[in-house]
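S.K.: File follows, model-v9.cif with mmCIF, C-alpha atoms and all ligand atoms:
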data_entry
#
loop_
_atom_site.label_atom_id
_atom_site.label_comp_id
_atom_site.auth_asym_id
_atom_site.auth_seq_id
_atom_site.Cartn_x
_atom_site.Cartn_y
_atom_site.Cartn_z
CA MET A 1 -1.03 0.34 -9.38
CA SER A 2 -3.39 -2.55 -9.35
CA LEU A 3 -3.82 -6.26 -9.29
CA LYS A 4 -4.07 -7.03 -12.97
CA TYR A 5 -2.64 -10.54 -12.83
CA MET A 6 -5.97 -12.16 -12.43
CA THR A 7 -9.32 -10.52 -13.09
CA PRO A 8 -12.03 -13.07 -12.40
CA THR A 9 -14.54 -13.50 -15.21
CA GLU A 10 -18.18 -13.69 -14.15
CA GLN A 11 -18.37 -17.41 -15.05
CA PHE A 12 -15.27 -18.28 -13.07
CA LYS A 13 -16.02 -16.16 -10.00
CA LYS A 14 -17.91 -18.84 -8.13
CA TYR A 15 -14.85 -21.10 -8.12
CA LEU A 16 -12.52 -18.52 -6.63
CA PRO A 17 -12.09 -18.00 -2.89
CA LYS A 18 -14.86 -15.71 -1.68
CA ASP A 19 -12.42 -13.43 0.14
CA TYR A 20 -10.47 -12.85 -3.05
CA VAL A 21 -13.56 -12.05 -5.13
CA GLU A 22 -14.75 -9.64 -2.41
CA LEU A 23 -11.41 -7.84 -2.50
CA VAL A 24 -11.79 -7.41 -6.27
CA ASP A 25 -15.46 -6.37 -6.09
CA TYR A 26 -15.45 -4.26 -2.92
CA GLY A 27 -11.79 -3.95 -1.95
CA PRO A 28 -8.57 -2.35 -3.18
CA PHE A 29 -7.57 -5.08 -5.65
CA GLY A 30 -7.49 -3.59 -9.13
CA LYS A 31 -8.11 -0.08 -7.83
CA SER A 32 -5.95 2.99 -7.30
CA GLN A 33 -5.12 4.53 -3.92
CA ASP A 34 -7.60 7.31 -4.74
CA GLU A 35 -10.40 4.80 -5.16
CA ALA A 36 -9.56 2.60 -2.18
CA GLY A 37 -6.92 4.13 0.09
CA VAL A 38 -6.68 5.92 3.42
CA ASN A 39 -8.79 8.85 2.19
CA ASN A 40 -11.90 6.71 1.98
CA ILE A 41 -11.07 4.00 4.48
CA GLY A 42 -14.35 2.71 5.93
CA GLN A 43 -15.96 2.71 2.49
CA PHE A 44 -14.31 -0.37 0.98
CA LYS A 45 -13.34 -3.85 2.14
CA GLU A 46 -9.87 -3.67 3.62
CA VAL A 47 -7.23 -6.38 3.06
CA LEU A 48 -6.88 -6.74 6.83
CA GLU A 49 -9.26 -9.17 8.49
CA GLU A 50 -10.33 -9.85 12.08
CA HIS A 51 -7.51 -10.58 14.53
CA PRO A 52 -7.01 -11.13 18.25
CA MET A 53 -5.12 -7.94 19.21
CA CYS A 54 -6.49 -6.12 22.28
CA SER A 55 -9.40 -3.71 22.21
CA GLY A 56 -8.28 -0.16 21.45
CA CYS A 57 -4.70 -1.14 20.61
CA LEU A 58 -2.87 1.64 18.77
CA MET A 59 -0.59 -0.95 17.19
CA ALA A 60 -3.63 -2.63 15.65
CA TYR A 61 -4.73 0.79 14.42
CA PHE A 62 -1.37 1.51 12.79
CA ILE A 63 -1.37 -1.91 11.10
CA ARG A 64 -4.80 -1.13 9.69
CA VAL A 65 -3.52 2.17 8.28
CA PHE A 66 -0.36 0.49 6.99
CA PHE A 67 -2.29 -1.99 4.86
CA ALA A 68 -4.61 0.70 3.51
CA ALA A 69 -1.59 2.87 2.61
CA LEU A 70 0.40 0.26 0.67
CA PRO A 71 1.19 1.60 -2.80
CA ASN A 72 1.31 -1.92 -4.19
CA PRO A 73 -0.48 -4.41 -1.89
CA GLU A 74 -0.62 -7.17 -4.50
CA ASP A 75 3.17 -7.15 -4.90
CA THR A 76 4.15 -6.62 -1.29
CA VAL A 77 5.51 -9.14 1.20
CA THR A 78 5.58 -8.40 4.94
CA LEU A 79 7.93 -10.07 7.40
CA GLY A 80 7.59 -10.13 11.16
CA THR A 81 8.49 -11.85 14.34
CA ALA A 82 7.10 -12.84 17.72
CA GLY A 83 5.26 -9.98 19.41
CA CYS A 84 1.77 -8.54 19.31
CA GLY A 85 1.84 -7.08 15.80
CA ARG A 86 2.13 -10.37 13.96
CA LEU A 87 -1.27 -11.39 15.35
CA ALA A 88 -2.82 -8.87 12.95
CA ILE A 89 -0.17 -8.61 10.22
CA SER A 90 -0.67 -12.31 9.53
CA GLN A 91 -4.42 -11.77 9.00
CA ALA A 92 -4.23 -9.74 5.81
CA ALA A 93 -4.51 -10.67 2.14
CA VAL A 94 -0.80 -9.83 1.76
CA PRO A 95 1.82 -12.60 2.10
CA PHE A 96 3.45 -12.61 5.53
CA ILE A 97 6.65 -14.41 6.54
CA TYR A 98 7.28 -15.26 10.17
CA GLY A 99 10.71 -16.45 11.26
CA ASN A 100 12.72 -16.91 14.41
CA TYR A 101 12.65 -14.13 16.94
CA GLY A 102 14.28 -10.96 15.63
CA ASP A 103 15.52 -12.26 12.28
CA GLN A 104 13.01 -10.36 10.13
CA ASN A 105 15.59 -7.99 8.65
CA ALA A 106 17.97 -10.85 7.79
CA MET A 107 15.16 -12.72 6.00
CA ALA A 108 14.04 -9.55 4.26
CA SER A 109 17.59 -8.98 2.98
CA GLY A 110 17.60 -12.32 1.21
CA LEU A 111 14.04 -11.97 0.00
CA SER A 112 14.40 -8.50 -1.49
CA ARG A 113 17.63 -9.54 -3.25
CA ALA A 114 15.95 -12.66 -4.62
CA PHE A 115 13.01 -10.61 -5.91
CA ARG A 116 15.35 -8.29 -7.78
CA LEU A 117 17.06 -11.26 -9.43
CA ARG A 118 13.93 -13.23 -10.18
CA PHE A 119 11.61 -10.37 -11.18
CA PRO A 120 13.88 -7.63 -12.60
CA ASP A 121 10.95 -6.16 -14.54
CA LYS A 122 8.60 -5.94 -11.53
CA LYS A 123 8.33 -3.76 -8.48
CA LYS A 124 8.14 -6.00 -5.43
CA ASP A 125 7.98 -4.30 -2.04
CA VAL A 126 9.41 -5.88 1.09
CA VAL A 127 8.54 -4.48 4.52
CA THR A 128 9.47 -5.74 7.97
CA LEU A 129 7.16 -4.90 10.87
CA ALA A 130 8.27 -5.87 14.36
CA GLY A 131 8.04 -4.63 17.91
CA ASP A 132 10.67 -2.60 19.70
CA GLY A 133 11.99 -5.81 21.29
CA GLY A 134 12.16 -7.54 17.91
CA THR A 135 13.76 -4.58 16.13
CA MET A 136 16.05 -2.91 18.67
CA ASP A 137 16.78 -5.57 21.33
CA ILE A 138 16.78 -9.20 20.29
CA GLY A 139 16.86 -8.45 16.53
CA PHE A 140 19.28 -5.53 16.95
CA SER A 141 22.28 -7.00 15.14
CA MET A 142 20.18 -8.12 12.18
CA THR A 143 18.47 -4.74 11.96
CA MET A 144 21.77 -2.86 12.08
CA HIS A 145 23.61 -5.08 9.64
CA SER A 146 20.84 -4.92 7.06
CA TRP A 147 21.05 -1.12 7.23
CA ILE A 148 24.84 -1.06 7.10
CA ARG A 149 24.76 -3.32 4.04
CA GLY A 150 22.31 -0.90 2.40
CA GLU A 151 19.58 -3.48 1.83
CA LYS A 152 16.71 -2.05 -0.18
CA PHE A 153 13.58 -2.61 1.90
CA THR A 154 11.55 -0.84 4.57
CA THR A 155 11.86 -1.48 8.31
CA ILE A 156 8.97 -0.45 10.55
CA MET A 157 9.41 -0.53 14.31
CA LEU A 158 6.07 -0.80 16.15
CA ASP A 159 7.24 0.89 19.35
CA ASN A 160 4.96 0.30 22.33
CA GLU A 161 7.93 0.86 24.65
CA VAL A 162 7.55 -2.55 26.29
CA TYR A 163 7.41 -6.28 25.59
CA GLY A 164 3.63 -6.37 25.31
CA ASN A 165 3.17 -9.92 24.10
CA THR A 166 5.03 -11.47 27.02
CA GLY A 167 3.50 -9.38 29.76
CA GLY A 168 5.50 -6.25 30.47
CA GLN A 169 9.29 -6.57 30.41
CA GLU A 170 11.20 -3.33 29.81
CA SER A 171 12.81 -2.94 26.41
CA GLY A 172 15.65 -0.78 25.16
CA MET A 173 12.95 1.54 23.85
CA SER A 174 11.11 1.93 27.18
CA PRO A 175 11.66 5.46 28.49
CA GLN A 176 13.87 5.96 31.51
CA GLY A 177 11.85 5.71 34.71
CA ALA A 178 9.02 3.66 33.15
CA ILE A 179 7.47 1.44 35.81
CA LEU A 180 6.45 -1.85 34.28
CA LYS A 181 5.43 -5.21 35.67
CA MET A 182 8.97 -6.45 35.28
CA ALA A 183 10.67 -3.14 35.98
CA PRO A 184 8.94 -2.38 39.28
CA GLU A 185 11.52 0.18 40.38
CA GLY A 186 11.43 1.98 37.05
CA LYS A 187 13.73 1.53 34.08
CA LYS A 188 17.24 2.69 34.89
CA PHE A 189 18.53 3.41 31.39
CA GLU A 190 17.67 5.84 28.63
CA LYS A 191 15.46 5.10 25.65
CA MET A 192 17.58 4.05 22.69
CA PRO A 193 18.01 6.74 20.00
CA ALA A 194 16.53 4.64 17.20
CA THR A 195 16.26 7.24 14.46
CA GLU A 196 19.83 8.44 15.12
CA LEU A 197 21.08 4.87 14.89
CA ALA A 198 19.21 4.43 11.62
CA LYS A 199 20.74 7.54 10.09
CA THR A 200 24.24 6.59 11.22
CA ALA A 201 23.84 3.05 9.88
CA GLY A 202 22.88 4.30 6.42
CA CYS A 203 19.09 4.53 6.21
CA VAL A 204 18.27 6.97 3.43
CA TYR A 205 14.77 7.87 4.62
CA VAL A 206 13.84 7.94 8.31
CA VAL A 207 10.60 8.97 9.99
CA ARG A 208 9.55 9.14 13.62
CA ILE A 209 5.81 9.53 14.04
CA SER A 210 2.85 9.14 16.35
CA PRO A 211 -0.01 8.06 14.07
CA THR A 212 -2.52 10.79 14.90
CA ASN A 213 -2.92 12.06 11.34
CA ILE A 214 -3.89 9.32 8.93
CA LYS A 215 -2.82 11.18 5.78
CA LYS A 216 0.58 12.10 7.18
CA THR A 217 1.10 8.53 8.42
CA ALA A 218 0.14 7.08 5.05
CA LYS A 219 2.40 9.52 3.21
CA SER A 220 5.39 8.46 5.33
CA ILE A 221 4.68 4.78 4.70
CA LYS A 222 4.38 5.31 0.97
CA ARG A 223 7.52 7.43 0.77
CA ALA A 224 9.51 4.87 2.77
CA ILE A 225 8.44 2.06 0.45
CA LEU A 226 9.04 3.96 -2.80
CA VAL A 227 12.47 5.16 -1.71
CA ALA A 228 13.50 1.67 -0.59
CA ARG A 229 12.70 0.38 -4.08
CA GLU A 230 15.30 2.58 -5.67
CA VAL A 231 17.78 3.96 -3.17
CA GLY A 232 18.37 1.99 0.02
CA PRO A 233 17.12 1.07 3.50
CA THR A 234 14.28 3.13 4.96
CA PHE A 235 13.01 3.21 8.52
CA ILE A 236 9.78 4.22 10.23
CA HIS A 237 9.74 4.48 14.00
CA VAL A 238 6.11 4.62 15.00
CA TYR A 239 4.47 5.03 18.40
CA THR A 240 1.96 2.23 18.90
CA SER A 241 1.02 2.38 22.58
CA CYS A 242 0.24 -0.71 24.62
CA ASN A 243 -2.85 0.27 26.59
CA ILE A 244 -2.60 -2.92 28.65
CA GLU A 245 0.96 -2.60 29.97
CA TYR A 246 0.82 1.21 30.31
CA SER A 247 -2.72 1.16 31.77
CA ILE A 248 -4.19 3.64 29.29
CA PRO A 249 -8.01 3.61 29.29
CA THR A 250 -8.91 2.61 25.72
CA GLU A 251 -11.01 5.69 25.05
CA GLU A 252 -7.92 7.78 25.85
CA VAL A 253 -5.53 5.95 23.53
CA PHE A 254 -5.83 8.61 20.86
CA LYS A 255 -5.35 11.44 23.35
CA ASP A 256 -2.22 9.71 24.64
CA ALA A 257 -0.92 9.42 21.07
CA LYS A 258 -1.45 13.17 20.69
CA ASP A 259 0.40 13.83 23.95
CA GLN A 260 3.30 11.64 22.82
CA GLU A 261 3.49 13.61 19.62
CA LYS A 262 4.57 16.58 21.72
CA ASP A 263 6.99 14.47 23.73
CA ARG A 264 9.07 11.42 22.73
CA PHE A 265 7.45 11.00 19.33
CA SER A 266 7.70 14.48 17.86
CA PHE A 267 7.49 14.18 14.08
CA GLU A 268 10.84 13.85 12.36
CA GLU A 269 11.46 13.22 8.66
CA TYR A 270 14.98 12.77 7.37
CA MET A 271 16.03 11.99 3.81
CA THR A 272 19.24 11.97 1.83
CA ASP A 273 19.50 14.05 -1.35
CA GLU A 274 19.09 10.94 -3.43
CA ALA A 275 15.93 9.97 -1.54
CA ARG A 276 14.56 13.49 -1.97
CA GLU A 277 15.09 13.30 -5.72
CA VAL A 278 13.10 10.08 -5.94
CA ILE A 279 10.26 11.48 -3.81
CA GLU A 280 10.08 14.72 -5.80
CA ARG A 281 10.12 12.84 -9.09
CA ILE A 282 7.38 10.36 -8.15
CA GLU A 283 5.14 12.86 -6.38
CA GLY A 284 5.62 15.32 -9.26
CA GLU A 285 4.53 12.66 -11.77
CA GLU A 286 1.49 11.82 -9.64
CA LYS A 287 0.46 15.46 -9.45
CA LYS A 288 0.79 15.81 -13.22
CA ALA A 289 -1.28 12.67 -13.83
CA LYS A 290 -3.98 13.93 -11.49
CA LYS A 291 -4.10 17.31 -13.24
CA ALA A 292 -4.31 15.63 -16.64
CA LYS A 293 -7.16 13.45 -15.40
CA LYS A 294 -9.03 16.46 -14.06
CA GLY A 295 -8.47 18.30 -17.34
CA ALA A 296 -9.77 15.33 -19.33
CA ARG A 297 -12.87 15.15 -17.16
CA LYS A 298 -13.53 18.88 -17.67
CA GLU A 299 -13.21 18.48 -21.43
CA GLU A 300 -15.64 15.58 -21.33
CA VAL A 301 -18.18 17.74 -19.52
CA VAL A 302 -17.73 20.63 -21.97
CA SER A 303 -18.03 18.47 -25.08
CA MET S 1 -22.03 -9.29 28.07
CA TYR S 2 -19.88 -6.53 26.66
CA TYR S 3 -20.18 -3.06 25.20
CA ILE S 4 -20.30 -2.20 21.53
CA ALA S 5 -20.49 1.12 19.74
CA MET S 6 -23.76 2.35 18.27
CA VAL S 7 -24.14 5.27 15.88
CA ASP S 8 -27.21 7.50 16.01
CA ALA S 9 -27.69 7.57 12.22
CA GLU S 10 -30.16 10.44 12.26
CA LYS S 11 -27.79 12.68 14.21
CA CYS S 12 -24.68 11.58 12.32
CA SER S 13 -26.19 12.16 8.88
CA GLN S 14 -26.63 15.84 9.69
CA HIS S 15 -22.88 16.23 9.46
CA LYS S 16 -20.77 15.73 6.38
CA CYS S 17 -18.22 13.84 8.36
CA ASN S 18 -16.70 10.33 8.11
CA ILE S 19 -14.01 11.15 10.70
CA CYS S 20 -14.52 8.43 13.29
CA THR S 21 -14.10 5.74 10.62
CA LEU S 22 -10.52 6.94 10.13
CA TYR S 23 -9.65 6.14 13.75
CA CYS S 24 -11.22 2.78 14.61
CA PRO S 25 -8.37 0.34 15.35
CA GLU S 26 -10.28 -2.51 13.73
CA ALA S 27 -10.54 -3.08 9.98
CA ASN S 28 -13.94 -3.36 8.28
CA THR S 29 -15.74 -2.42 11.52
CA LEU S 30 -16.73 1.23 11.74
CA MET S 31 -17.93 1.86 8.20
CA PHE S 32 -19.34 4.86 6.36
CA ASP S 33 -22.45 4.65 4.22
CA LYS S 34 -22.10 7.35 1.58
CA ALA S 35 -25.67 7.08 0.31
CA LYS S 36 -27.15 7.57 3.79
CA ASN S 37 -24.32 9.89 4.86
CA THR S 38 -23.80 8.09 8.15
CA SER S 39 -21.26 5.85 9.79
CA TRP S 40 -22.38 2.44 11.08
CA VAL S 41 -20.89 -0.35 13.17
CA ASP S 42 -20.45 -3.97 12.16
CA VAL S 43 -21.31 -5.11 15.68
CA ASP S 44 -19.76 -8.58 15.37
CA ARG S 45 -16.36 -6.99 14.84
CA CYS S 46 -16.51 -4.10 17.32
CA LYS S 47 -14.23 -4.62 20.33
CA GLY S 48 -15.84 -1.90 22.42
CA CYS S 49 -12.79 0.33 22.89
CA ALA S 50 -14.82 3.57 22.63
CA LEU S 51 -12.08 5.32 20.66
CA CYS S 52 -14.78 6.38 18.21
CA VAL S 53 -16.76 7.94 21.06
CA TYR S 54 -13.70 9.99 21.97
CA VAL S 55 -13.38 11.18 18.35
CA CYS S 56 -17.06 12.04 17.85
CA SER S 57 -17.80 13.44 21.32
CA ASP S 58 -14.54 14.80 22.73
CA LEU S 59 -12.77 15.94 19.58
CA LEU S 60 -15.70 16.95 17.38
CA ASN S 61 -18.32 17.65 20.06
CA ARG S 62 -21.02 15.87 18.05
CA GLY S 63 -22.04 13.08 20.41
CA CYS S 64 -23.42 10.69 17.78
CA ILE S 65 -21.87 7.47 19.12
CA SER S 66 -22.70 5.74 22.38
CA MET S 67 -21.63 2.46 23.94
CA VAL S 68 -24.43 -0.03 24.47
CA MET S 69 -24.63 -3.57 25.81
CA ALA S 70 -24.38 -6.14 23.06
CA GLN S 71 -27.62 -8.08 22.77
CA ALA S 72 -27.62 -11.77 21.94
CA LYS S 73 -29.35 -12.40 18.64
CA GLU S 74 -32.48 -14.60 18.67
CA ALA S 75 -31.66 -17.99 17.23
C1 LIG D 401 14.30 -16.36 20.77
C2 LIG D 401 13.09 -15.97 21.51
N1 LIG D 401 13.19 -15.41 22.74
C3 LIG D 401 12.10 -15.02 23.40
C4 LIG D 401 10.86 -15.18 22.85
C5 LIG D 401 9.63 -14.77 23.64
N2 LIG D 401 9.04 -13.56 23.16
C6 LIG D 401 7.91 -13.56 22.42
S1 LIG D 401 7.36 -12.02 22.04
C7 LIG D 401 8.65 -11.32 22.91
C8 LIG D 401 8.81 -9.84 23.06
C9 LIG D 401 7.86 -9.01 22.38
O1 LIG D 401 8.20 -7.67 22.53
P1 LIG D 401 8.25 -6.69 21.31
O2 LIG D 401 9.14 -7.22 20.26
O3 LIG D 401 8.54 -5.34 21.81
O4 LIG D 401 6.79 -6.76 20.71
P2 LIG D 401 5.38 -6.38 21.37
O5 LIG D 401 4.75 -7.67 21.80
O6 LIG D 401 5.59 -5.44 22.48
O7 LIG D 401 4.65 -5.76 20.26
C10 LIG D 401 9.46 -12.29 23.47
C11 LIG D 401 10.65 -12.01 24.31
C12 LIG D 401 10.75 -15.78 21.58
N3 LIG D 401 9.56 -15.95 20.97
N4 LIG D 401 11.88 -16.16 20.93
S1 LIG D 402 -0.76 -6.34 24.81
FE1 LIG D 402 -0.56 -4.15 24.31
S2 LIG D 402 0.46 -4.03 22.29
FE2 LIG D 402 -0.27 -6.14 22.61
S3 LIG D 402 -2.27 -6.21 21.57
FE3 LIG D 402 -2.64 -5.73 23.73
S4 LIG D 402 -2.66 -3.48 23.85
FE4 LIG D 402 -1.73 -4.04 21.89
S1 LIG D 403 -17.47 11.24 13.98
FE1 LIG D 403 -19.62 11.31 14.63
S2 LIG D 403 -20.62 12.68 13.16
FE2 LIG D 403 -18.67 12.04 12.28
S3 LIG D 403 -19.17 10.24 11.02
FE3 LIG D 403 -18.55 9.51 13.04
S4 LIG D 403 -20.47 9.30 14.16
FE4 LIG D 403 -20.89 10.60 12.40
S1 LIG D 404 -15.76 0.93 19.92
FE1 LIG D 404 -13.67 0.71 19.07
S2 LIG D 404 -13.78 -1.15 17.79
FE2 LIG D 404 -15.89 -0.48 18.18
S3 LIG D 404 -16.41 0.81 16.42
FE3 LIG D 404 -15.68 2.17 18.05
S4 LIG D 404 -13.47 2.45 17.60
FE4 LIG D 404 -14.18 0.63 16.45
#
Would you give me this structure, written as structure tokens?
Ligand SMILES: Cc1ncc(C[n+]2csc(CCOP(=O)(O)OP(=O)(O)O)c2C)c(N)n1
Ligand code: SF4
Ligand code: SF4
Ligand code: SF4

M.R.:
Amino acid sequence: MSLKYMTPTEQFKKYLPKDYVELVDYGPFGKSQDEAGVNNIGQFKEVLEEHPMCSGCLMAYFIRVFFAALPNPEDTVTLGTAGCGRLAISQAAVPFIYGNYGDQNAMASGLSRAFRLRFPDKKKDVVTLAGDGGTMDIGFSMTMHSWIRGEKFTTIMLDNEVYGNTGGQESGMSPQGAILKMAPEGKKFEKMPATELAKTAGCVYVVRISPTNIKKTAKSIKRAILVAREVGPTFIHVYTSCNIEYSIPTEEVFKDAKDQEKDRFSFEEYMTDEAREVIERIEGEEKKAKKAKKGARKEEVVS
Amino acid sequence: MYYIAMVDAEKCSQHKCNICTLYCPEANTLMFDKAKNTSWVDVDRCKGCALCVYVCSDLLNRGCISMVMAQAKEA
């Protein structure tokens, strides 16, 4: 899929915003995921720009991967709320909507419905990205109700197990016993079972992941978005450590993510039969197209 | 003064690699030059986290990236 709305002609290029032209010339606009996706990240200009998130932040890393993995960046809208993530999510060449605290899933419900009415012939992807506080505490009712209503968009919870942006309050997603600035005796309650709640509330595709494998992470993001287009609500619960509030030396952030993969963030992928059908159909078609392309290239070489 | 990452291009280009670039938390920062077969750092964007050092040295045992003091550019 590609940005074919507007291909700048050479004569007109100088009048267009430089950032836009760069994304066409050196970035993913107008290119396939194979040409400019997670497999060759670092070799093209990404849609994400500079932002003020902390050095070594795993949440910033996941957001980087998220934007590179979008199946349809030119027709995607992200929604977020107060919290660290929006500092970066807002700095990408993808429209971002920022509302009151925790209402991202309510806004996304209206937006995705409006897109379906206004652009019935187009695929428009809607994704909410918010912290654990925004998704499971303060935004809890709006998250749950959007799932119960079966709204067709993707919810991503950036779980750093704390309120990072406001300096270390415990959240429903902090693990029991976690000692934080504002939980000095350790959290007394259990971590909320987010993926179980999602399944019970009607999410049709649910993933829990620590983003240590870029391909696997990107695959989950893509699947969640494609399934939401056709079937119903999808949910990704991703570990995005806060090295500041959990005092993780930045060079050990990746090691910690690996450790968490064996602990609270063991990989889990759930899908309903209907979701599975969609995934198998789309991935099957992609495989066929790739094979055909390879075959055509071979023929070209032979002739 | 602060630290930034620096890639030893000669050492790095001996490997067919491009792994560290997959793990930098910052976009458009730790890039890979296919023609020269080496990664390189856009120093103005590097936040000095040393995650790339962990990947190259601890995970891959290649030791091609080190942290150095950022130098002010001459005006
Ligand atoms: C209605 C309302 N209450 C409180 C706040 C203050 N506030 C800003 S960010 C935040 C919590 C952030 O925690 P989380 O959602 O987990 O995101 P993180 O910063 O950890 O990524 C709070 C309480 C607010 N902006 N609006
Ligand atoms: S406070 Fe924590 S979550 Fe927020 S940007 Fe810094 S390291 Fe990341
Ligand atoms: S991980 Fe090391 S060897 Fe590999 S590309 Fe990066 S600097 Fe080069
Ligand atoms: S030190 Fe951190 S920000 Fe700088 S290049 Fe390495 S991983 Fe990227």

S.K.: Define the interface residues of chain S facing chain A as those within 6 Å, counting only C-alpha atoms, and report them as an MDAnalysis selection string.

M.R.: chainID S and resid 21 25 31:32 47 49:51 54

S.K.: Any idea what the distance is between CA of Thr200 (chain A) and CA of Val227 (chain A)?

M.R.: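 Rounded to one decimal, the two atoms are 17.5 Å apart.
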
S.K.: Show which residues sit within 12 Å of Ser32 (chain A), as an MDAnalysis selection string. Count all atoms listed in the file, and ignore same-chain residues fewer than 3 positions away.

M.R.: chainID A and resid 1:4 24 27:29 35:40 68:74 286 290

S.K.: Which residues are near Lys187 (chain A)? Cut-off 8 Å, all atoms listed in the file, ignore same chain within fewer than 4 positions. Put them as a ChimeraX atom specification.

M.R.: /A:170,174-179,183

S.K.: Within 7 Å of Ile156 (chain A), counting all atoms listed in the file, which residues show up once you throw out same-chain ones fewer than 5 positions away? Write them as a list in words, please.

M.R.: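 Neighbouring residues, sequence-local ones excluded: Thr128, Leu129, Ala130, Phe235, Ile236 and His237 of chain A.
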
S.K.: One decimal, Å: what's the distance from CA of Ala35 (chain S) over to CA of Cys56 (chain S), could you say?

M.R.: 20.2 Å

S.K.: Restricting the calculation to all atoms listed in the file: of S:Glu26, S:Lys73, S:Cys64, S:Val41, which residue gets closest to ligand LIG 402 (chain D)?

M.R.: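 Closest candidate: S:Glu26.
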
S.K.: I need the residue nearest ligand LIG 404 (chain D) from this list: S:Cys46, S:Ile19, S:Met69, S:Ala9. Use only C-alpha atoms and all ligand atoms for the distance.

M.R.: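 The answer is S:Cys46, which sits nearest to ligand LIG 404 (chain D).
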
S.K.: What is the distance between CA of Leu111 (chain A) and CA of Pro95 (chain A), in Å to one decimal?

M.R.: 12.4 Å

S.K.: Would you give me, as a Markdown table, each residue of chain A having an atom within 6 Å of an atom of ligand LIG 401 (chain D), along with its shortest atom pair and that distance in Å to one decimal, using only C-alpha atoms and all ligand atoms and sorting by chain and residue number?

M.R.:
| residue | atom | partner | partner_atom | distance |
| --- | --- | --- | --- | --- |
| A:Ala82 | CA | D:LIG401 | S1 | 4.4 |
| A:Gly83 | CA | D:LIG401 | O5 | 3.4 |
| A:Cys84 | CA | D:LIG401 | O5 | 4.0 |
| A:Gly85 | CA | D:LIG401 | O7 | 5.4 |
| A:Tyr101 | CA | D:LIG401 | N4 | 4.5 |
| A:Gly131 | CA | D:LIG401 | O2 | 3.7 |
| A:Asp132 | CA | D:LIG401 | O3 | 4.1 |
| A:Gly133 | CA | D:LIG401 | O2 | 3.3 |
| A:Gly134 | CA | D:LIG401 | O2 | 3.8 |
| A:Asn160 | CA | D:LIG401 | O6 | 5.8 |
| A:Val162 | CA | D:LIG401 | O6 | 5.2 |
| A:Tyr163 | CA | D:LIG401 | O1 | 3.5 |
| A:Gly164 | CA | D:LIG401 | O6 | 3.6 |
| A:Asn165 | CA | D:LIG401 | O5 | 3.6 |
| A:Thr166 | CA | D:LIG401 | C7 | 5.5 |

S.K.: Excluding Phe153 (chain A) and any residue of its chain fewer than 5 positions from it, enumerate the residues within 7 Å of it, using only C-alpha atoms, and give them as an NGL selection string.

M.R.: :A and (112 or 126-127 or 228-229 or 232-234)

S.K.: Choose the residue, out of S:Leu59, S:Cys17, S:Val43, S:Met1, that has the smallest atom-to-atom separation from ligand LIG 404 (chain D); count only C-alpha atoms and all ligand atoms.

M.R.: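 Smallest distance to ligand LIG 404 (chain D) is found for S:Val43.
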
S.K.: Kindly indicate which residue among S:Leu22, S:Tyr3, S:Val55, S:Leu30 lies nearest to Ala72 (chain S), using only C-alpha atoms for the distances.

M.R.: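 Checking each candidate against Ala72 (chain S), we get S:Tyr3 as the closest.
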
S.K.: Could you report the residues within 8 Å of ligand LIG 403 (chain D), using all atoms listed in the file, as a ChimeraX atom specification?

M.R.: /S:7-9,11-21,32,38-40,52-53,55-57,60,62-65

S.K.: Kindly save the residues from that selection, with C-alpha atoms included, as an mmCIF file, in the coordinates of the input.

M.R.:
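As written to disk, out.cif reads:
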data_model
loop_
_atom_site.group_PDB
_atom_site.id
_atom_site.type_symbol
_atom_site.label_atom_id
_atom_site.label_comp_id
_atom_site.auth_asym_id
_atom_site.auth_seq_id
_atom_site.Cartn_x
_atom_site.Cartn_y
_atom_site.Cartn_z
ATOM 1 C CA VAL S 7 -24.140 5.270 15.880
ATOM 2 C CA ASP S 8 -27.210 7.500 16.010
ATOM 3 C CA ALA S 9 -27.690 7.570 12.220
ATOM 4 C CA LYS S 11 -27.790 12.680 14.210
ATOM 5 C CA CYS S 12 -24.680 11.580 12.320
ATOM 6 C CA SER S 13 -26.190 12.160 8.880
ATOM 7 C CA GLN S 14 -26.630 15.840 9.690
ATOM 8 C CA HIS S 15 -22.880 16.230 9.460
ATOM 9 C CA LYS S 16 -20.770 15.730 6.380
ATOM 10 C CA CYS S 17 -18.220 13.840 8.360
ATOM 11 C CA ASN S 18 -16.700 10.330 8.110
ATOM 12 C CA ILE S 19 -14.010 11.150 10.700
ATOM 13 C CA CYS S 20 -14.520 8.430 13.290
ATOM 14 C CA THR S 21 -14.100 5.740 10.620
ATOM 15 C CA PHE S 32 -19.340 4.860 6.360
ATOM 16 C CA THR S 38 -23.800 8.090 8.150
ATOM 17 C CA SER S 39 -21.260 5.850 9.790
ATOM 18 C CA TRP S 40 -22.380 2.440 11.080
ATOM 19 C CA CYS S 52 -14.780 6.380 18.210
ATOM 20 C CA VAL S 53 -16.760 7.940 21.060
ATOM 21 C CA VAL S 55 -13.380 11.180 18.350
ATOM 22 C CA CYS S 56 -17.060 12.040 17.850
ATOM 23 C CA SER S 57 -17.800 13.440 21.320
ATOM 24 C CA LEU S 60 -15.700 16.950 17.380
ATOM 25 C CA ARG S 62 -21.020 15.870 18.050
ATOM 26 C CA GLY S 63 -22.040 13.080 20.410
ATOM 27 C CA CYS S 64 -23.420 10.690 17.780
ATOM 28 C CA ILE S 65 -21.870 7.470 19.120
#

S.K.: Could you give me, as a list in words, the residues within 10 Å of Met107 (chain A), counting all atoms listed in the file and dropping anything in the same chain fewer than 5 positions from it?

M.R.: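 Everything that qualifies: Leu79, Gly80, Ile97, Tyr98, Gly99, Asn100, Gly102, Ser112, Thr128, Met142 and Ser146 of chain A.
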